[in-house]
$ cat target20.cif   # mmCIF, C-alpha atoms
data_coords
#
loop_
_atom_site.label_atom_id
_atom_site.label_comp_id
_atom_site.auth_asym_id
_atom_site.auth_seq_id
_atom_site.Cartn_x
_atom_site.Cartn_y
_atom_site.Cartn_z
CA MET S 6 -54.88 49.07 10.83
CA ILE S 7 -52.58 46.88 8.70
CA PRO S 8 -49.89 48.85 6.82
CA THR S 9 -50.54 48.81 3.09
CA LEU S 10 -47.17 47.30 2.10
CA THR S 11 -47.04 44.58 4.78
CA GLY S 12 -48.31 41.86 2.46
CA ILE S 13 -45.89 42.87 -0.27
CA GLN S 14 -42.96 42.83 2.14
CA THR S 15 -44.05 39.42 3.44
CA ALA S 16 -44.22 37.94 -0.05
CA LEU S 17 -40.91 39.59 -0.95
CA SER S 18 -39.22 37.99 2.07
CA GLY S 19 -40.35 34.57 0.80
CA ILE S 20 -38.91 35.31 -2.63
CA GLU S 21 -35.60 36.39 -1.11
CA ALA S 22 -35.43 33.33 1.18
CA ASP S 23 -36.18 30.88 -1.62
CA GLN S 24 -33.73 32.69 -3.88
CA ALA S 25 -30.99 32.21 -1.26
CA ALA S 26 -31.97 28.55 -0.89
CA LEU S 27 -31.88 28.06 -4.67
CA ASP S 28 -28.49 29.75 -4.94
CA THR S 29 -27.10 27.60 -2.10
CA THR S 30 -28.51 24.42 -3.63
CA GLY S 31 -26.94 25.30 -6.96
CA ASN S 32 -23.61 25.90 -5.24
CA ASN S 33 -23.86 22.52 -3.52
CA ILE S 34 -24.52 20.78 -6.83
CA ASP S 35 -21.62 22.56 -8.51
CA ASN S 36 -19.24 21.49 -5.73
CA ALA S 37 -20.49 17.94 -5.24
CA SER S 38 -17.12 16.58 -6.40
CA THR S 39 -14.93 19.31 -4.91
CA PRO S 40 -12.51 17.76 -2.34
CA GLY S 41 -13.12 19.07 1.18
CA TYR S 42 -16.37 20.85 0.33
CA SER S 43 -19.12 20.63 2.96
CA ASP S 44 -22.80 20.65 2.10
CA GLN S 45 -24.37 24.01 2.97
CA VAL S 46 -27.88 24.77 4.19
CA VAL S 47 -29.91 27.98 4.51
CA ASN S 48 -31.23 28.54 8.03
CA LEU S 49 -34.49 30.53 8.17
CA ASP S 50 -36.05 32.55 10.97
CA VAL S 51 -39.66 33.68 11.32
CA ARG S 52 -39.89 37.46 11.25
CA THR S 53 -41.35 39.25 14.26
CA PRO S 54 -45.12 39.22 13.77
CA LEU S 55 -47.15 42.41 13.54
CA SER S 56 -49.63 43.09 16.32
CA VAL S 57 -52.94 44.18 14.84
CA PRO S 58 -55.71 45.47 17.12
CA SER S 59 -59.11 43.92 16.59
CA GLU S 60 -62.46 44.36 18.28
CA SER S 61 -64.52 41.54 19.76
CA GLY S 62 -67.22 41.10 22.34
CA ASN S 63 -64.57 41.38 25.04
CA GLY S 64 -63.21 44.64 23.74
CA VAL S 65 -60.04 45.36 21.75
CA THR S 66 -57.52 42.50 21.41
CA GLN S 67 -54.20 42.09 19.63
CA THR S 68 -53.95 39.69 16.69
CA GLN S 69 -50.53 38.46 15.57
CA LEU S 70 -50.05 38.83 11.83
CA GLY S 71 -47.13 37.04 10.20
CA THR S 72 -44.64 39.24 8.39
CA GLY S 73 -42.56 36.68 6.53
CA VAL S 74 -39.17 35.02 6.86
CA ASP S 75 -35.52 36.05 7.21
CA VAL S 76 -32.35 34.22 6.11
CA ALA S 77 -30.62 33.81 9.46
CA SER S 78 -27.44 32.15 8.17
CA ILE S 79 -25.93 29.75 5.68
CA THR S 80 -24.01 27.06 7.52
CA ARG S 81 -22.05 23.90 6.76
CA GLN S 82 -23.24 20.41 7.54
CA ARG S 83 -20.51 19.15 9.91
CA ASN S 84 -20.33 16.84 12.93
CA ALA S 85 -17.52 17.71 15.36
CA TYR S 86 -17.53 14.21 16.89
CA LEU S 87 -17.13 12.53 13.50
CA ASP S 88 -14.36 14.97 12.56
CA ALA S 89 -12.44 14.19 15.77
CA SER S 90 -12.99 10.44 15.37
CA TYR S 91 -11.84 10.50 11.76
CA ARG S 92 -8.66 12.39 12.61
CA ALA S 93 -7.83 10.03 15.48
CA GLN S 94 -8.18 7.02 13.19
CA ASN S 95 -6.29 8.76 10.39
CA SER S 96 -3.37 9.28 12.76
CA ILE S 97 -3.37 5.56 13.62
CA LEU S 98 -3.53 4.65 9.93
CA SER S 99 -0.57 6.89 9.08
CA PHE S 100 1.44 5.39 11.96
CA ASN S 101 0.68 1.83 10.83
CA THR S 102 1.35 2.65 7.18
CA GLN S 103 4.76 4.17 7.91
CA SER S 104 5.61 1.30 10.29
CA ALA S 105 4.67 -1.29 7.66
CA THR S 106 6.83 0.54 5.13
CA SER S 107 9.87 0.69 7.43
CA LEU S 108 9.55 -2.94 8.49
CA GLY S 109 8.98 -4.04 4.90
CA ASP S 110 12.17 -2.23 3.86
CA ALA S 111 14.07 -4.02 6.64
CA GLN S 112 12.69 -7.39 5.57
CA THR S 113 13.76 -6.69 1.99
CA LEU S 114 17.34 -6.10 3.18
CA PHE S 115 17.48 -9.52 4.87
CA ALA S 116 16.19 -11.13 1.63
CA GLU S 117 15.25 -14.35 3.40
CA PRO S 118 14.84 -17.12 2.49
CA SER S 119 17.61 -17.19 -0.10
CA SER S 120 20.84 -19.10 -0.64
CA SER S 121 22.58 -15.74 -1.09
CA ALA S 122 21.23 -14.35 2.20
CA LEU S 123 22.90 -14.78 5.59
CA SER S 124 21.20 -18.09 6.38
CA GLY S 125 22.49 -19.59 3.14
CA GLN S 126 25.95 -18.12 3.67
CA LEU S 127 26.11 -19.50 7.21
CA SER S 128 25.19 -22.93 5.89
CA THR S 129 27.92 -22.66 3.23
CA PHE S 130 30.43 -21.52 5.87
CA TRP S 131 29.75 -24.53 8.10
CA GLY S 132 29.96 -26.78 5.05
CA ASP S 133 33.36 -25.30 4.18
CA TRP S 134 34.68 -26.28 7.63
CA SER S 135 33.34 -29.78 7.06
CA ALA S 136 35.19 -29.92 3.72
CA VAL S 137 38.41 -28.79 5.45
CA ALA S 138 37.88 -31.46 8.13
CA ASN S 139 37.59 -34.08 5.38
CA ASP S 140 40.86 -32.94 3.78
CA PRO S 141 42.85 -30.73 6.21
CA THR S 142 45.80 -30.40 3.86
CA SER S 143 43.76 -29.19 0.88
CA GLN S 144 44.83 -25.66 -0.03
CA SER S 145 41.75 -25.32 -2.22
CA ALA S 146 39.37 -26.21 0.64
CA ARG S 147 41.14 -23.74 2.94
CA GLN S 148 40.96 -20.96 0.34
CA THR S 149 37.27 -21.62 -0.25
CA LEU S 150 36.71 -21.38 3.51
CA VAL S 151 38.52 -18.04 3.75
CA THR S 152 36.71 -16.67 0.67
CA ASP S 153 33.27 -17.73 1.90
CA GLY S 154 34.10 -16.52 5.41
CA THR S 155 35.01 -13.14 3.98
CA THR S 156 31.77 -13.01 1.98
CA LEU S 157 29.83 -13.90 5.15
CA SER S 158 31.62 -11.20 7.14
CA GLN S 159 30.99 -8.59 4.48
CA SER S 160 27.31 -9.57 4.37
CA PHE S 161 27.09 -8.94 8.11
CA ASN S 162 28.85 -5.58 7.60
CA GLY S 163 26.62 -4.62 4.68
CA LEU S 164 23.34 -5.66 6.30
CA TYR S 165 24.15 -3.76 9.47
CA SER S 166 25.14 -0.71 7.43
CA GLN S 167 21.92 -0.88 5.40
CA LEU S 168 19.83 -1.12 8.57
CA ALA S 169 21.68 1.90 9.94
CA ASN S 170 20.92 3.67 6.67
CA LEU S 171 17.21 2.92 7.18
CA GLN S 172 17.45 4.63 10.55
CA SER S 173 19.23 7.58 8.98
CA GLN S 174 16.62 7.87 6.22
CA ALA S 175 13.80 7.84 8.80
CA SER S 176 15.60 10.52 10.79
CA SER S 177 16.11 12.65 7.68
CA GLN S 178 12.47 12.29 6.67
CA TYR S 179 11.39 13.27 10.18
CA SER S 180 13.64 16.33 10.08
CA SER S 181 12.33 17.32 6.66
CA ILE S 182 8.73 17.25 7.88
CA THR S 183 9.36 18.96 11.22
CA GLY S 184 12.16 21.33 10.23
CA SER S 185 11.91 25.00 9.31
CA GLY S 186 9.59 25.39 6.33
CA GLY S 187 8.62 21.71 6.52
CA GLN S 188 5.16 20.25 6.05
CA LEU S 189 4.24 20.52 9.73
CA GLU S 190 5.10 24.19 9.98
CA GLN S 191 3.37 24.92 6.66
CA LEU S 192 0.16 23.31 7.89
CA ALA S 193 0.35 25.14 11.21
CA ASN S 194 0.84 28.48 9.44
CA GLN S 195 -2.05 27.72 7.08
CA ILE S 196 -4.38 26.93 9.98
CA ALA S 197 -3.30 30.06 11.87
CA SER S 198 -3.85 32.21 8.77
CA LEU S 199 -7.29 30.69 8.21
CA ASN S 200 -8.10 31.32 11.88
CA GLY S 201 -7.47 35.00 11.31
CA ALA S 202 -9.48 35.12 8.09
CA ILE S 203 -12.44 33.26 9.65
CA LYS S 204 -12.45 35.53 12.69
CA SER S 205 -12.45 38.65 10.50
CA SER S 206 -15.19 37.23 8.29
CA LEU S 207 -17.44 36.53 11.27
CA GLN S 208 -16.80 39.96 12.72
CA GLY S 209 -17.82 41.46 9.38
CA GLY S 210 -21.09 39.53 9.40
CA GLN S 211 -20.04 37.23 6.57
CA SER S 212 -20.27 33.44 6.29
CA PRO S 213 -16.78 31.84 6.27
CA ASN S 214 -17.93 28.41 5.10
CA ASN S 215 -15.28 27.96 2.40
CA LEU S 216 -12.53 29.12 4.76
CA GLU S 217 -13.70 26.64 7.40
CA ASP S 218 -13.64 23.86 4.78
CA GLN S 219 -10.05 24.75 3.98
CA ARG S 220 -9.14 24.70 7.67
CA ASP S 221 -10.77 21.30 8.19
CA THR S 222 -8.86 19.91 5.22
CA ALA S 223 -5.59 21.20 6.71
CA LEU S 224 -6.50 19.64 10.09
CA ASP S 225 -7.21 16.31 8.38
CA THR S 226 -3.78 16.42 6.73
CA LEU S 227 -2.13 17.39 10.01
CA SER S 228 -3.73 14.38 11.72
CA GLY S 229 -1.78 12.15 9.35
CA LEU S 230 1.46 13.48 10.85
CA GLY S 231 0.45 12.97 14.49
CA ASN S 232 -2.33 13.05 17.03
CA VAL S 233 -4.30 16.30 16.97
CA SER S 234 -6.77 17.79 19.43
CA VAL S 235 -8.94 20.66 18.21
CA THR S 236 -10.77 23.09 20.50
CA ASN S 237 -13.27 25.55 19.00
CA GLN S 238 -13.14 29.10 20.35
CA THR S 239 -16.03 31.56 20.54
CA ASP S 240 -14.42 33.91 18.01
CA GLY S 241 -14.43 31.22 15.32
CA THR S 242 -10.77 30.27 15.69
CA VAL S 243 -9.50 26.85 16.79
CA THR S 244 -6.73 25.89 19.19
CA VAL S 245 -4.74 22.90 17.97
CA ASN S 246 -2.67 20.64 20.21
CA PHE S 247 -0.27 18.30 18.43
CA GLY S 248 1.14 15.03 19.74
CA ASP S 249 2.58 15.33 23.22
CA ALA S 250 4.00 18.82 22.67
CA THR S 251 3.78 20.96 25.81
CA ASN S 252 2.18 24.02 24.18
CA PRO S 253 -0.59 24.27 21.56
CA LEU S 254 0.77 24.11 18.02
CA VAL S 255 -1.74 26.75 16.92
CA SER S 256 -3.55 29.23 19.14
CA GLY S 257 -5.52 31.83 17.23
CA THR S 258 -3.12 33.26 14.68
CA THR S 259 -0.03 32.20 16.66
CA VAL S 260 2.11 29.16 15.76
CA ASP S 261 4.40 27.62 18.41
CA TRP S 262 6.92 25.48 16.57
CA PRO S 263 9.44 23.82 16.91
CA GLN S 264 8.66 21.87 20.07
CA THR S 265 9.85 18.57 21.49
CA ILE S 266 7.68 15.57 20.70
CA THR S 267 8.23 11.83 21.32
CA SER S 268 7.18 8.58 19.70
CA ALA S 269 3.89 8.91 21.60
CA THR S 270 3.04 11.55 19.01
CA GLY S 271 1.48 8.92 16.75
CA GLY S 272 0.93 9.42 13.03
CA GLN S 273 3.70 9.29 10.46
CA LEU S 274 6.08 11.25 12.69
CA GLY S 275 5.64 8.82 15.58
CA ALA S 276 6.48 5.89 13.29
CA LEU S 277 9.52 7.74 11.90
CA LEU S 278 10.75 8.40 15.42
CA ASP S 279 10.38 4.69 16.17
CA ALA S 280 12.23 3.72 13.01
CA SER S 281 15.13 6.06 13.77
CA SER S 282 15.41 5.17 17.46
CA ALA S 283 17.96 2.71 18.87
CA SER S 284 15.13 1.16 20.88
CA GLY S 285 12.76 1.02 17.89
CA PRO S 286 12.20 -2.03 15.68
CA VAL S 287 15.07 -1.33 13.26
CA GLY S 288 17.42 -0.62 16.17
CA THR S 289 16.32 -3.89 17.77
CA TYR S 290 17.16 -5.81 14.58
CA MET S 291 20.59 -4.20 14.52
CA SER S 292 21.18 -5.20 18.13
CA SER S 293 20.04 -8.77 17.40
CA LEU S 294 22.28 -8.92 14.34
CA ASN S 295 25.20 -7.87 16.54
CA THR S 296 24.32 -10.71 18.91
CA VAL S 297 24.35 -13.22 16.04
CA ALA S 298 27.70 -11.93 14.75
CA ASN S 299 29.23 -11.90 18.22
CA ASP S 300 28.04 -15.47 18.84
CA LEU S 301 29.57 -16.56 15.52
CA ILE S 302 32.86 -14.86 16.33
CA SER S 303 32.98 -16.24 19.87
CA GLY S 304 31.99 -19.74 18.81
CA VAL S 305 34.56 -20.06 16.01
CA ASN S 306 37.36 -18.21 17.77
CA GLY S 307 36.79 -20.21 20.93
CA ILE S 308 37.81 -23.33 19.00
CA SER S 309 40.20 -21.89 16.39
CA THR S 310 42.58 -20.07 18.72
CA ASP S 311 45.95 -20.06 16.96
CA PRO S 312 45.40 -17.74 15.22
CA THR S 313 41.74 -16.79 15.68
CA PHE S 314 39.68 -17.03 12.50
CA PHE S 315 37.64 -13.84 12.99
CA SER S 316 38.44 -10.35 14.19
CA GLY S 317 35.90 -7.87 15.51
CA SER S 318 33.04 -8.33 17.94
CA SER S 319 29.87 -7.23 16.11
CA ALA S 320 28.06 -7.25 12.79
CA SER S 321 29.71 -4.03 11.73
CA THR S 322 33.27 -5.11 12.67
CA ILE S 323 33.42 -8.84 11.92
CA ALA S 324 36.15 -9.80 9.42
CA VAL S 325 38.28 -12.83 8.52
CA ALA S 326 41.67 -12.45 10.24
CA VAL S 327 43.60 -15.34 8.60
CA THR S 328 44.89 -16.42 5.22
CA ALA S 329 44.28 -19.85 3.78
CA ALA S 330 47.71 -21.00 5.04
CA GLN S 331 46.92 -19.78 8.56
CA VAL S 332 43.63 -21.64 8.98
CA GLN S 333 43.89 -23.81 12.10
CA THR S 334 42.47 -27.29 11.53
CA SER S 335 43.80 -29.07 14.63
CA THR S 336 45.23 -28.54 18.07
CA THR S 337 48.09 -30.87 17.12
CA SER S 338 50.64 -30.85 14.35
CA ALA S 339 49.95 -34.42 13.35
CA PRO S 340 49.45 -34.84 9.58
CA GLY S 341 45.75 -35.02 8.72
CA ALA S 342 44.58 -33.95 12.19
CA ASN S 343 41.23 -32.20 11.98
CA ASP S 344 39.73 -31.87 15.49
CA VAL S 345 39.39 -28.06 15.24
CA ALA S 346 37.77 -28.18 11.81
CA GLN S 347 35.36 -30.91 12.93
CA ALA S 348 34.41 -29.01 16.08
CA ILE S 349 33.68 -25.82 14.16
CA ALA S 350 31.69 -27.71 11.51
CA GLY S 351 29.68 -29.15 14.42
CA LEU S 352 28.50 -25.64 15.32
CA GLN S 353 26.03 -25.78 12.42
CA GLY S 354 22.49 -25.59 13.75
CA GLY S 355 23.75 -24.29 17.09
CA THR S 356 23.28 -20.98 18.90
CA THR S 357 24.39 -18.79 15.98
CA ASP S 358 21.93 -20.31 13.52
CA GLN S 359 19.19 -20.38 16.15
CA ALA S 360 19.70 -16.72 17.05
CA TYR S 361 19.65 -15.69 13.41
CA ASN S 362 16.56 -17.77 12.62
CA ALA S 363 14.81 -16.21 15.64
CA LEU S 364 15.71 -12.74 14.33
CA VAL S 365 14.30 -13.51 10.88
CA ALA S 366 11.14 -15.05 12.38
CA GLN S 367 10.63 -12.02 14.62
CA LEU S 368 11.03 -9.68 11.65
CA GLY S 369 8.53 -11.71 9.65
CA ASP S 370 5.99 -11.63 12.49
CA ASN S 371 6.47 -7.88 12.91
CA VAL S 372 5.95 -7.22 9.21
CA GLN S 373 2.83 -9.39 9.11
CA ASN S 374 1.39 -7.67 12.18
CA ALA S 375 2.18 -4.23 10.77
CA GLN S 376 0.49 -5.07 7.46
CA THR S 377 -2.55 -6.45 9.29
CA ASN S 378 -2.74 -3.32 11.44
CA GLN S 379 -2.47 -1.14 8.34
CA SER S 380 -5.24 -3.06 6.59
CA THR S 381 -7.49 -2.86 9.65
CA SER S 382 -6.82 0.85 10.10
CA GLN S 383 -7.54 1.52 6.44
CA ALA S 384 -10.91 -0.21 6.73
CA ILE S 385 -11.78 1.85 9.83
CA VAL S 386 -10.73 5.14 8.23
CA THR S 387 -12.71 4.32 5.09
CA ALA S 388 -15.79 3.56 7.19
CA MET S 389 -15.32 6.74 9.25
CA GLY S 390 -14.84 8.77 6.08
CA ASN S 391 -18.04 7.37 4.59
CA GLN S 392 -19.93 8.14 7.80
CA ARG S 393 -18.59 11.67 7.85
CA GLN S 394 -19.36 12.08 4.15
CA SER S 395 -22.97 11.07 4.80
CA VAL S 396 -23.24 14.18 6.98
CA SER S 397 -21.06 16.74 5.23
CA GLY S 398 -21.04 15.45 1.67
CA VAL S 399 -23.38 16.62 -1.05
CA SER S 400 -26.19 14.22 -2.02
CA LEU S 401 -27.27 15.04 -5.55
CA ASP S 402 -30.59 13.25 -5.04
CA GLU S 403 -31.31 15.37 -1.97
CA GLU S 404 -30.22 18.55 -3.72
CA MET S 405 -32.49 17.87 -6.70
CA THR S 406 -35.41 17.41 -4.30
CA ASN S 407 -34.49 20.68 -2.59
CA LEU S 408 -34.23 22.39 -5.95
CA ILE S 409 -37.81 21.49 -6.81
CA THR S 410 -39.06 22.47 -3.34
CA PHE S 411 -37.40 25.89 -3.34
CA GLN S 412 -38.38 26.52 -6.95
CA ARG S 413 -42.03 25.95 -6.10
CA GLY S 414 -41.71 28.11 -3.01
CA TYR S 415 -40.23 30.89 -5.11
CA GLN S 416 -43.03 30.59 -7.66
CA ALA S 417 -45.70 30.62 -4.94
CA ALA S 418 -44.20 33.68 -3.26
CA ALA S 419 -43.97 35.41 -6.66
CA GLN S 420 -47.62 34.64 -7.36
CA THR S 421 -48.56 36.03 -3.95
CA LEU S 422 -46.63 39.19 -4.72
CA ASN S 423 -48.33 39.45 -8.10
CA ALA S 424 -51.77 39.02 -6.54
CA LEU S 425 -51.08 41.70 -3.95
CA ASN S 426 -49.82 44.00 -6.68
CA GLN S 427 -53.07 43.55 -8.61
CA VAL S 428 -55.09 44.27 -5.45
CA LEU S 429 -53.16 47.50 -4.92
CA GLN S 430 -53.64 48.50 -8.54
CA THR S 431 -57.38 47.90 -8.24
CA LEU S 432 -57.49 49.91 -5.02
CA GLU S 433 -55.57 52.73 -6.67
CA GLN S 434 -57.99 52.79 -9.59
CA GLN S 435 -61.03 52.83 -7.29
CA LEU S 436 -59.64 55.64 -5.18
CA GLY S 437 -58.73 57.63 -8.27
#
$ encode --input "target20.cif" --output "C-alpha cells"
Amino acid sequence: MIPTLTGIQTALSGIEADQAALDTTGNNIDNASTPGYSDQVVNLDVRTPLSVPSESGNGVTQTQLGTGVDVASITRQRNAYLDASYRAQNSILSFNTQSATSLGDAQTLFAEPSSSALSGQLSTFWGDWSAVANDPTSQSARQTLVTDGTTLSQSFNGLYSQLANLQSQASSQYSSITGSGGQLEQLANQIASLNGAIKSSLQGGQSPNNLEDQRDTALDTLSGLGNVSVTNQTDGTVTVNFGDATNPLVSGTTVDWPQTITSATGGQLGALLDASSASGPVGTYMSSLNTVANDLISGVNGISTDPTFFSGSSASTIAVAVTAAQVQTSTTSAPGANDVAQAIAGLQGGTTDQAYNALVAQLGDNVQNAQTNQSTSQAIVTAMGNQRQSVSGVSLDEEMTNLITFQRGYQAAAQTLNALNQVLQTLEQQLG
C-alpha cells in the first residue's frame, strides 16, 4: 500500500530543491563581481526510497519507490591545492616587489651616471690635483682642490647617511607591521575570530560559506607578508603557521604573537628584514662604500703626508683636514716642485675608482635582477589567480545555463504536484 501523500511529498521535495538551486544561482549572479566571493553549489541527496510490497509468481516482493530529493548542503567551489599554490607564489611576489623597491631606492641615492654623483666628483677631484701639479703655487687651484675635496667628502657622508636611513625606514616599516596592533596581528585576530564563527555556524547546522570566503581573503593577504601554511581541522577551523616562527600564529581562536622570525620568513617582511640587516643588500652597499672611502683616504694620505689631506677612515667620517695653504704639493721645498700632486693625480682610474665602479655595477645588476624577478613573479601569480578563479569564480554563462535548468525543473515539479492534486480531488469526489 502506497501512502496517499507520498507522491505529493516527492513532488514537493523537487520544488524545494530547485527553489534552493535557483536562490543559490541568483546569489552567485549577484556576487559575480564581489571580491573574494566563491561560487556556491547546491548538493543534492536522493531520499531513502519507500519499500512497497508487491505480489508476483514467486510470492510477495519488495519494490523500491523513489521518494524525492533532499538539499544536503550548499558548498563553495574551492581547490585547496590551488589556494596553497597561490599563497606561496604571492609570498614570493611580495618579497620580490619589496626587494625591488628597496634596491631601486638605493640606486636612486647613488644617482649614477651623473657629473654631480660620486663618480663625477672623484673625476673632478683627480683633475684638481692635476691642476695643482701644473701650477703648485696657485692659491686658486689649491682652494678649488680643497672645496671640491670637501664636496666629495660630504657626498660620501650624505650617501652613507641616506643608505643608513633606508635601513632605518625598512626597520620602522617592519616594526609597524609586526608590532602591537599592526597589520600582522590584525590579520591573525581576524582569522581567529572567523575560526570561532565558522565553528559555531557548523555546530548549529548552518552553512558558513561567506565566513569562509572572508577567512580565505585574510589568508591571501597574510601570505603577502610572509610564508603561510594552512591546516584544516575537523571542526572547521584552520591552524596557520607563519614564516619560520616556532609556534602556529593561529590555532583555533588563539593567536600567538609576537614571535621571532628571520629573513627566511619570505614575503614583504622577509624583504624588509633583508633591507634593514647589516648583511642585507643595503648593508652590503654601505660596507662597500666604506671600502671605497677608506681606499681614497689611504691612497691620498699615503702620498700627502705632511699634513695628511683627509681625516677619518670611512664614508661616514671622511673629511678634508687641510686648508688651501696647507695642501702638500711636494716632498721638497723647491719652488714649483709638484711630485706629490702629480702622484695623487696619477691615482685616477686606480683602486678607488675601480672599487666604486664595481659597487655601482653590482647595484645595477641587483636592481635589474630584482625587477626581473618581480616581473616573473607577477606573471606567475596572475596565472595562478586566473586558474584559481576558473574554479572558485562565478561564470555568468554557466549560471545562466543553471538558471534555465533549475527553472524548468521547478516548473516540472510544480506540474507534477498539480497533477497529483487533481488526482486526489477526483478521488475525493468519487468517494464522496
$ resolve_selection --input "target20.cif" --expression "the PyMOL selection byres ((chain S and resi 372) around 10)" --output "ChimeraX atom specification"
/S:104-112,366-371,373-378
$ closest_residue --input "target20.cif" --among "S:Ala388, S:Ile13, S:Ala26, S:Leu364" --to "S:Glu117" --atoms "only C-alpha atoms"
S:Leu364
$ resolve_selection --input "target20.cif" --expression "the PyMOL selection byres ((chain S and resi 395-403) around 9)" --output "PyMOL selection string"
chain S and resi 33-34+36-38+41-45+81-84+390-394+404-408
$ closest_residue --input "target20.cif" --among "S:Asp133, S:Asn306, S:Leu422, S:Ile409" --to "S:Ser145" --atoms "only C-alpha atoms"
S:Asp133
$ closest_residue --input "target20.cif" --among "S:Ala89, S:Ala348, S:Val46, S:Leu55" --to "S:Ser135" --atoms "only C-alpha atoms"
S:Ala348
$ resolve_selection --input "target20.cif" --expression "the PyMOL selection byres ((chain S and resi 92-94) around 12)" --output "ChimeraX atom specification"
/S:85-91,95-101,221-235,247-248,270-272,378-379,381-390,393
$ write_last_selection --input "target20.cif" --atoms "C-alpha atoms" --output "PDB file, in the frame of the given file"
ATOM      1  CA  ALA S  85     -17.520  17.710  15.360  1.00  0.00           C
ATOM      2  CA  TYR S  86     -17.530  14.210  16.890  1.00  0.00           C
ATOM      3  CA  LEU S  87     -17.130  12.530  13.500  1.00  0.00           C
ATOM      4  CA  ASP S  88     -14.360  14.970  12.560  1.00  0.00           C
ATOM      5  CA  ALA S  89     -12.440  14.190  15.770  1.00  0.00           C
ATOM      6  CA  SER S  90     -12.990  10.440  15.370  1.00  0.00           C
ATOM      7  CA  TYR S  91     -11.840  10.500  11.760  1.00  0.00           C
ATOM      8  CA  ASN S  95      -6.290   8.760  10.390  1.00  0.00           C
ATOM      9  CA  SER S  96      -3.370   9.280  12.760  1.00  0.00           C
ATOM     10  CA  ILE S  97      -3.370   5.560  13.620  1.00  0.00           C
ATOM     11  CA  LEU S  98      -3.530   4.650   9.930  1.00  0.00           C
ATOM     12  CA  SER S  99      -0.570   6.890   9.080  1.00  0.00           C
ATOM     13  CA  PHE S 100       1.440   5.390  11.960  1.00  0.00           C
ATOM     14  CA  ASN S 101       0.680   1.830  10.830  1.00  0.00           C
ATOM     15  CA  ASP S 221     -10.770  21.300   8.190  1.00  0.00           C
ATOM     16  CA  THR S 222      -8.860  19.910   5.220  1.00  0.00           C
ATOM     17  CA  ALA S 223      -5.590  21.200   6.710  1.00  0.00           C
ATOM     18  CA  LEU S 224      -6.500  19.640  10.090  1.00  0.00           C
ATOM     19  CA  ASP S 225      -7.210  16.310   8.380  1.00  0.00           C
ATOM     20  CA  THR S 226      -3.780  16.420   6.730  1.00  0.00           C
ATOM     21  CA  LEU S 227      -2.130  17.390  10.010  1.00  0.00           C
ATOM     22  CA  SER S 228      -3.730  14.380  11.720  1.00  0.00           C
ATOM     23  CA  GLY S 229      -1.780  12.150   9.350  1.00  0.00           C
ATOM     24  CA  LEU S 230       1.460  13.480  10.850  1.00  0.00           C
ATOM     25  CA  GLY S 231       0.450  12.970  14.490  1.00  0.00           C
ATOM     26  CA  ASN S 232      -2.330  13.050  17.030  1.00  0.00           C
ATOM     27  CA  VAL S 233      -4.300  16.300  16.970  1.00  0.00           C
ATOM     28  CA  SER S 234      -6.770  17.790  19.430  1.00  0.00           C
ATOM     29  CA  VAL S 235      -8.940  20.660  18.210  1.00  0.00           C
ATOM     30  CA  PHE S 247      -0.270  18.300  18.430  1.00  0.00           C
ATOM     31  CA  GLY S 248       1.140  15.030  19.740  1.00  0.00           C
ATOM     32  CA  THR S 270       3.040  11.550  19.010  1.00  0.00           C
ATOM     33  CA  GLY S 271       1.480   8.920  16.750  1.00  0.00           C
ATOM     34  CA  GLY S 272       0.930   9.420  13.030  1.00  0.00           C
ATOM     35  CA  ASN S 378      -2.740  -3.320  11.440  1.00  0.00           C
ATOM     36  CA  GLN S 379      -2.470  -1.140   8.340  1.00  0.00           C
ATOM     37  CA  THR S 381      -7.490  -2.860   9.650  1.00  0.00           C
ATOM     38  CA  SER S 382      -6.820   0.850  10.100  1.00  0.00           C
ATOM     39  CA  GLN S 383      -7.540   1.520   6.440  1.00  0.00           C
ATOM     40  CA  ALA S 384     -10.910  -0.210   6.730  1.00  0.00           C
ATOM     41  CA  ILE S 385     -11.780   1.850   9.830  1.00  0.00           C
ATOM     42  CA  VAL S 386     -10.730   5.140   8.230  1.00  0.00           C
ATOM     43  CA  THR S 387     -12.710   4.320   5.090  1.00  0.00           C
ATOM     44  CA  ALA S 388     -15.790   3.560   7.190  1.00  0.00           C
ATOM     45  CA  MET S 389     -15.320   6.740   9.250  1.00  0.00           C
ATOM     46  CA  GLY S 390     -14.840   8.770   6.080  1.00  0.00           C
ATOM     47  CA  ARG S 393     -18.590  11.670   7.850  1.00  0.00           C
TER      48      ARG S 393
END
$ atom_distance --input "target20.cif" --atom1 "atom CA of S:Gly163" --atom2 "atom CA of S:Leu114"
9.5 Å
$ residues_around --input "target20.cif" --residues "S:Gln126" --least-positions-apart "5" --cutoff "12 Å" --atoms "only C-alpha atoms" --output "ChimeraX atom specification"
/S:117-121,131-133,150,152-161,353,358,361
$ write_last_selection --input "target20.cif" --atoms "C-alpha atoms" --output "PDB file, in the coordinates of the input"
ATOM      1  CA  GLU S 117      15.250 -14.350   3.400  1.00  0.00           C
ATOM      2  CA  PRO S 118      14.840 -17.120   2.490  1.00  0.00           C
ATOM      3  CA  SER S 119      17.610 -17.190  -0.100  1.00  0.00           C
ATOM      4  CA  SER S 120      20.840 -19.100  -0.640  1.00  0.00           C
ATOM      5  CA  SER S 121      22.580 -15.740  -1.090  1.00  0.00           C
ATOM      6  CA  TRP S 131      29.750 -24.530   8.100  1.00  0.00           C
ATOM      7  CA  GLY S 132      29.960 -26.780   5.050  1.00  0.00           C
ATOM      8  CA  ASP S 133      33.360 -25.300   4.180  1.00  0.00           C
ATOM      9  CA  LEU S 150      36.710 -21.380   3.510  1.00  0.00           C
ATOM     10  CA  THR S 152      36.710 -16.670   0.670  1.00  0.00           C
ATOM     11  CA  ASP S 153      33.270 -17.730   1.900  1.00  0.00           C
ATOM     12  CA  GLY S 154      34.100 -16.520   5.410  1.00  0.00           C
ATOM     13  CA  THR S 155      35.010 -13.140   3.980  1.00  0.00           C
ATOM     14  CA  THR S 156      31.770 -13.010   1.980  1.00  0.00           C
ATOM     15  CA  LEU S 157      29.830 -13.900   5.150  1.00  0.00           C
ATOM     16  CA  SER S 158      31.620 -11.200   7.140  1.00  0.00           C
ATOM     17  CA  GLN S 159      30.990  -8.590   4.480  1.00  0.00           C
ATOM     18  CA  SER S 160      27.310  -9.570   4.370  1.00  0.00           C
ATOM     19  CA  PHE S 161      27.090  -8.940   8.110  1.00  0.00           C
ATOM     20  CA  GLN S 353      26.030 -25.780  12.420  1.00  0.00           C
ATOM     21  CA  ASP S 358      21.930 -20.310  13.520  1.00  0.00           C
ATOM     22  CA  TYR S 361      19.650 -15.690  13.410  1.00  0.00           C
TER      23      TYR S 361
END
